[in-house]
Every structure is written in C-alpha cells, then in structure tokens.
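Here's the structure we're looking at; comments come further down.
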Amino acid sequence: MDTFAVIGLGRFGYRLATILTEAGAEVIAIDRDREIIEQIRDRVTVAVSLDSTDELALRAQGVDKVDVAVVGIGTAFEASALTTIVLKQIGVPKVIARAATNIRGQILSRIGADGIVNPERESAERWGSRLLAPAIMQQIELAEGHSLAQVPAPAAFFQKTLSQLDIRKKYHVNVVAIRRPISTDEPKKPEVVISVPLPDTVILPKDILLLIGSNESIKEFPAD
C-alpha cells in the first residue's frame, strides 16, 4: 500500500489523513498548528508541526520517501504553491494540491501538481477511496458497502473472454457493462457501450469495465 503525507489539517486534510490511516496506510500528517497536531497524533502514523515550504524539514520527516503527498492548505495560496514546488523538487512522485478556484487549480497544475482537489465539491471520503485504489476511475455508492465503479481493464485481461476470466468467481464482482473507445470521425460517438456483456465477450485494450460489488472487492480488483 502507498505511503502518504497530508499537509494542512483543516477539515478536509484532517479527515483524509484519518481515513487513509484507518485503511492501513502509513500517513505523515503535517500542520503548523501544534494544537491540531496534538489532536491527530494518535490517529496517524506520524504527526508533526513544521513549515511545509522548508525542504530540509520535510526531508527530516521522510516526506521525500512517500508515494503521494496531499497539500490541503486552504487559505494561504502562496504557501500551497510553494509547498507543491518543494514536494516535486524533493522527488515526491505524486502531489495532489487543494484549490478553491479553477484558476488556482490551473496554476498549481502548471507548477507541478499531479492532481487538483476542490474540497467544496469533493469529499475526503471520495478522495480517500481514489488514493487507496487509484485504478478506480469513478465510484458511485449504491447501498451501504456496495458500489458501481469504472475500472480500466488490466492488461492481463486483454484478448480473453469473460468466461475465461471468470471475474465473478475470482474477484467477487460483476461486470455489468463495458465502455469501448472506437475510431471514428464523428466526435459525438467516441465509444460504444456493451450494456449486456456475454460470456464470449472479449476484453480489448482501452476497455473500461463497469463493476458492481462490495467496496472491498472493488478495491482489491487488479490494476495494471
């Protein structure tokens, strides 16, 4: 499982850090406010108060070794931008940055952010699921503990039929539809949807599988 740093422990960052930790991930939680650090200390792997624009301080806490860093700083955009730059400079592979507006999101993307989150529109729970299972493109809760999810077909599935793959038995999910990109000069028809896949339906490269199952089974579904 990936390791994470969550920087900026407002409502979104605090909740995200605890969600990731509860799922079994290692999380370094960072904020300048010592009171917040004391509140979250027992709920994450490491909690530390520091200046997130300080490269040496971040390295000292091992932030340069994490797989994903989430910059949840809300009000101080300059600090958010500088933190994003420093994180990329120290080699963090994936940096997700919070942006309250589209313009700020564009700026953060141009200076290195690999993804943008708007907490006013997206919940910590949704981002927790996305970070813990990055292969899942979109997930919609159908009932408690069960969802509909869109997942890219793994390369190991290519040129095999649903019958050969036996997905329901092996992975405990059902393939209810397949989205398949097609080559066409008509911009309004970029894909076809196989709404009732049959046992002899062959999985092709670039197929998107629509799965229904428990959240746990979807999370464990193979990625490339």
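Chain identifiers are assigned as A, B, and so on, following the order in which chains appear in the structure tokens; residues are numbered from 1 within each chain, and ligands are numbered from 1 in order of appearance.
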**Report entry** Every residue of segment 188-224 of chain A that DSSP places in strand (DSSP E), as a PyMOL selection string
**Finding:** chain A and resi 191-194+208-214
So that I can check the surroundings of Asp51 of chain A, please list as a tab-separated table (two decimals) with C-alpha atoms, in the first residue's frame every protein, DNA and RNA residue that reaches within 12 Å of it, counting only C-alpha atoms and ignoring chain neighbours fewer than 4 positions away.
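result26.tsv, written as the output of this step:
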chain	number	residue	atom	x	y	z
A	7	ILE	CA	-0.06	18.70	4.63
A	8	GLY	CA	-2.59	21.16	6.02
A	30	ILE	CA	1.72	17.96	8.88
A	31	ASP	CA	0.42	21.34	10.01
A	32	ARG	CA	1.85	24.50	11.53
A	33	ASP	CA	-0.76	24.48	14.29
A	34	ARG	CA	0.64	22.47	17.22
A	55	GLU	CA	12.79	21.43	2.19
A	56	LEU	CA	15.15	20.31	4.96
A	57	ALA	CA	12.31	19.97	7.46
A	58	LEU	CA	10.30	17.84	5.03
A	59	ARG	CA	13.28	15.60	4.30
A	60	ALA	CA	13.96	15.20	8.01
A	61	GLN	CA	10.47	13.71	8.44
A	73	ILE	CA	-3.59	24.08	2.73
A	79	ALA	CA	2.17	28.56	0.92
A	80	SER	CA	0.22	25.92	-1.01
A	82	LEU	CA	5.47	26.83	-2.63
A	83	THR	CA	4.80	23.55	-0.84
A	86	VAL	CA	9.18	21.87	-2.89
Requested in this report: Just list the residues in segment 27-168 of chain A DSSP gives helix (DSSP H, G or I) on the backbone, as number ranges by chain.
Outcome: A: 34-43, 55-60, 63-65, 77-89, 102-110, 124-132, 155-157, 162-165, 167-168
Restricting it to C-alpha atoms, dump the selection as a short mmCIF file (atom, residue, chain, number, x, y, z; two decimals), in the first residue's frame.
data_model
loop_
_atom_site.label_atom_id
_atom_site.label_comp_id
_atom_site.auth_asym_id
_atom_site.auth_seq_id
_atom_site.Cartn_x
_atom_site.Cartn_y
_atom_site.Cartn_z
CA ARG A 34 0.64 22.47 17.22
CA GLU A 35 -2.82 22.11 18.76
CA ILE A 36 -4.11 20.31 15.68
CA ILE A 37 -1.04 18.09 15.65
CA GLU A 38 -1.74 17.06 19.25
CA GLN A 39 -5.35 16.26 18.33
CA ILE A 40 -4.41 13.97 15.45
CA ARG A 41 -1.19 12.47 16.85
CA ASP A 42 -2.78 9.18 17.95
CA ARG A 43 -4.79 8.80 14.74
CA GLU A 55 12.79 21.43 2.19
CA LEU A 56 15.15 20.31 4.96
CA ALA A 57 12.31 19.97 7.46
CA LEU A 58 10.30 17.84 5.03
CA ARG A 59 13.28 15.60 4.30
CA ALA A 60 13.96 15.20 8.01
CA VAL A 63 8.35 13.20 3.26
CA ASP A 64 10.71 12.75 0.29
CA LYS A 65 10.13 8.99 0.63
CA PHE A 77 -2.37 30.03 -1.60
CA GLU A 78 1.24 31.15 -1.71
CA ALA A 79 2.17 28.56 0.92
CA SER A 80 0.22 25.92 -1.01
CA ALA A 81 2.03 26.75 -4.25
CA LEU A 82 5.47 26.83 -2.63
CA THR A 83 4.80 23.55 -0.84
CA THR A 84 3.78 21.92 -4.13
CA ILE A 85 7.00 23.08 -5.78
CA VAL A 86 9.18 21.87 -2.89
CA LEU A 87 7.47 18.46 -2.84
CA LYS A 88 8.21 17.93 -6.52
CA GLN A 89 11.78 19.16 -6.04
CA ASN A 102 -10.27 26.79 -11.29
CA ILE A 103 -7.62 29.47 -11.87
CA ARG A 104 -5.69 28.39 -8.77
CA GLY A 105 -6.02 24.79 -9.89
CA GLN A 106 -4.52 25.67 -13.27
CA ILE A 107 -1.62 27.47 -11.60
CA LEU A 108 -0.91 24.53 -9.30
CA SER A 109 -1.00 22.12 -12.25
CA ARG A 110 1.50 24.25 -14.16
CA ALA A 124 -12.42 13.44 1.90
CA GLU A 125 -14.11 10.03 1.75
CA ARG A 126 -14.16 10.12 -2.06
CA TRP A 127 -10.53 11.18 -2.27
CA GLY A 128 -9.58 8.55 0.28
CA SER A 129 -11.05 5.85 -1.95
CA ARG A 130 -9.35 7.34 -5.00
CA LEU A 131 -5.93 7.42 -3.36
CA LEU A 132 -6.20 3.97 -1.82
CA ALA A 155 -3.54 -5.81 -19.44
CA ALA A 156 -3.74 -9.40 -18.21
CA PHE A 157 -7.39 -9.46 -19.34
CA LEU A 162 -15.39 -13.02 -19.70
CA SER A 163 -15.94 -16.76 -19.48
CA GLN A 164 -12.20 -17.42 -19.48
CA LEU A 165 -11.56 -14.71 -16.90
CA ILE A 167 -14.34 -12.50 -12.91
CA ARG A 168 -17.34 -13.06 -10.68
#
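In terms of minimum interatomic distance to Asp67 of chain A, A:Ala25 ranks closest within A:Val193, A:Ala25, A:Ile212, A:Ala223, counting only C-alpha atoms.
Of the residues listed (A:Lys94, A:Arg179, A:Lys170, A:Lys206), A:Lys94 shows the shortest atom-to-atom separation from Phe4 of chain A; distances use only C-alpha atoms.
Counting only C-alpha atoms and comparing A:Ile178, A:Val151, A:Ala29, A:Leu50, the residue that lies closest to Tyr14 of chain A is A:Ala29.
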Requested in this report: Pick out the residues sitting within 9 Å of Leu209 of chain A, and hand them over as a ChimeraX atom specification; count only C-alpha atoms, and ignore anything fewer than 6 positions along from it in its own chain.
Outcome: /A:149-153,175-180
Next, the residues of the selection above should be written as an mmCIF file, in the first residue's frame with N, CA and C atoms.
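Wrote it out as again_35.cif, contents follow:
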data_model
loop_
_atom_site.group_PDB
_atom_site.id
_atom_site.type_symbol
_atom_site.label_atom_id
_atom_site.label_comp_id
_atom_site.auth_asym_id
_atom_site.auth_seq_id
_atom_site.Cartn_x
_atom_site.Cartn_y
_atom_site.Cartn_z
ATOM 1 N N ALA A 149 -18.510 0.889 -10.006
ATOM 2 C CA ALA A 149 -17.219 1.522 -10.254
ATOM 3 C C ALA A 149 -16.779 1.313 -11.695
ATOM 4 N N GLN A 150 -16.051 2.318 -12.223
ATOM 5 C CA GLN A 150 -15.452 2.213 -13.539
ATOM 6 C C GLN A 150 -13.957 1.960 -13.369
ATOM 7 N N VAL A 151 -13.473 0.885 -13.998
ATOM 8 C CA VAL A 151 -12.073 0.478 -13.826
ATOM 9 C C VAL A 151 -11.482 0.128 -15.187
ATOM 10 N N PRO A 152 -10.290 0.628 -15.517
ATOM 11 C CA PRO A 152 -9.651 0.220 -16.773
ATOM 12 C C PRO A 152 -9.370 -1.276 -16.763
ATOM 13 N N ALA A 153 -9.626 -1.930 -17.870
ATOM 14 C CA ALA A 153 -9.336 -3.367 -17.948
ATOM 15 C C ALA A 153 -7.840 -3.601 -17.797
ATOM 16 N N VAL A 175 -19.326 -7.774 -13.890
ATOM 17 C CA VAL A 175 -19.132 -6.826 -14.981
ATOM 18 C C VAL A 175 -20.503 -6.580 -15.618
ATOM 19 N N VAL A 176 -21.052 -5.388 -15.415
ATOM 20 C CA VAL A 176 -22.403 -5.111 -15.889
ATOM 21 C C VAL A 176 -22.409 -4.367 -17.216
ATOM 22 N N ALA A 177 -21.266 -3.803 -17.609
ATOM 23 C CA ALA A 177 -21.170 -3.112 -18.895
ATOM 24 C C ALA A 177 -19.708 -2.886 -19.222
ATOM 25 N N ILE A 178 -19.448 -2.611 -20.490
ATOM 26 C CA ILE A 178 -18.090 -2.304 -20.944
ATOM 27 C C ILE A 178 -18.143 -1.073 -21.838
ATOM 28 N N ARG A 179 -17.321 -0.075 -21.513
ATOM 29 C CA ARG A 179 -17.173 1.092 -22.373
ATOM 30 C C ARG A 179 -15.951 0.875 -23.257
ATOM 31 N N ARG A 180 -16.148 0.995 -24.576
ATOM 32 C CA ARG A 180 -15.072 0.678 -25.516
ATOM 33 C C ARG A 180 -14.854 1.835 -26.484
#
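Among the candidates A:Gly91, A:Pro154, A:Gly115, A:Gly10, the one nearest to Gly74 of chain A when counting only C-alpha atoms is A:Gly10.
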Report summary line: Expressed in Å, the length from atom CA of Ala47 of chain A to atom CA of Glu216 of chain A is 27.7 Å
Report summary line: note - atom CA of Thr201 of chain A and atom CA of Ile182 of chain A are separated by 16.1 Å
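One finds atom CA of Leu198 of chain A at 26.6 Å from atom CA of Gly145 of chain A.
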Query - For Phe221 of chain A, the nearest of the candidates A:Asp200, A:Val68, A:Val27, A:Asn174, counting only C-alpha atoms - result: A:Asn174
So that I can check the surroundings of Ser217 of chain A, please list as a JSON list (two decimals) with C-alpha atoms, in the first residue's frame every protein, DNA and RNA residue that reaches within 7 Å of it, counting only C-alpha atoms and ignoring chain neighbours fewer than 3 positions away.
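Printed below is around_3.json as written:
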[["chain", "number", "residue", "atom", "x", "y", "z"],
["A", 171, "TYR", "CA", -12.84, -11.28, -7.83],
["A", 172, "HIS", "CA", -16.40, -11.32, -6.40],
["A", 173, "VAL", "CA", -17.66, -8.52, -8.65],
["A", 213, "GLY", "CA", -19.76, -5.36, -5.95],
["A", 214, "SER", "CA", -18.70, -4.71, -2.40],
["A", 220, "GLU", "CA", -8.96, -5.45, -4.49],
["A", 221, "PHE", "CA", -9.75, -5.70, -8.22]]
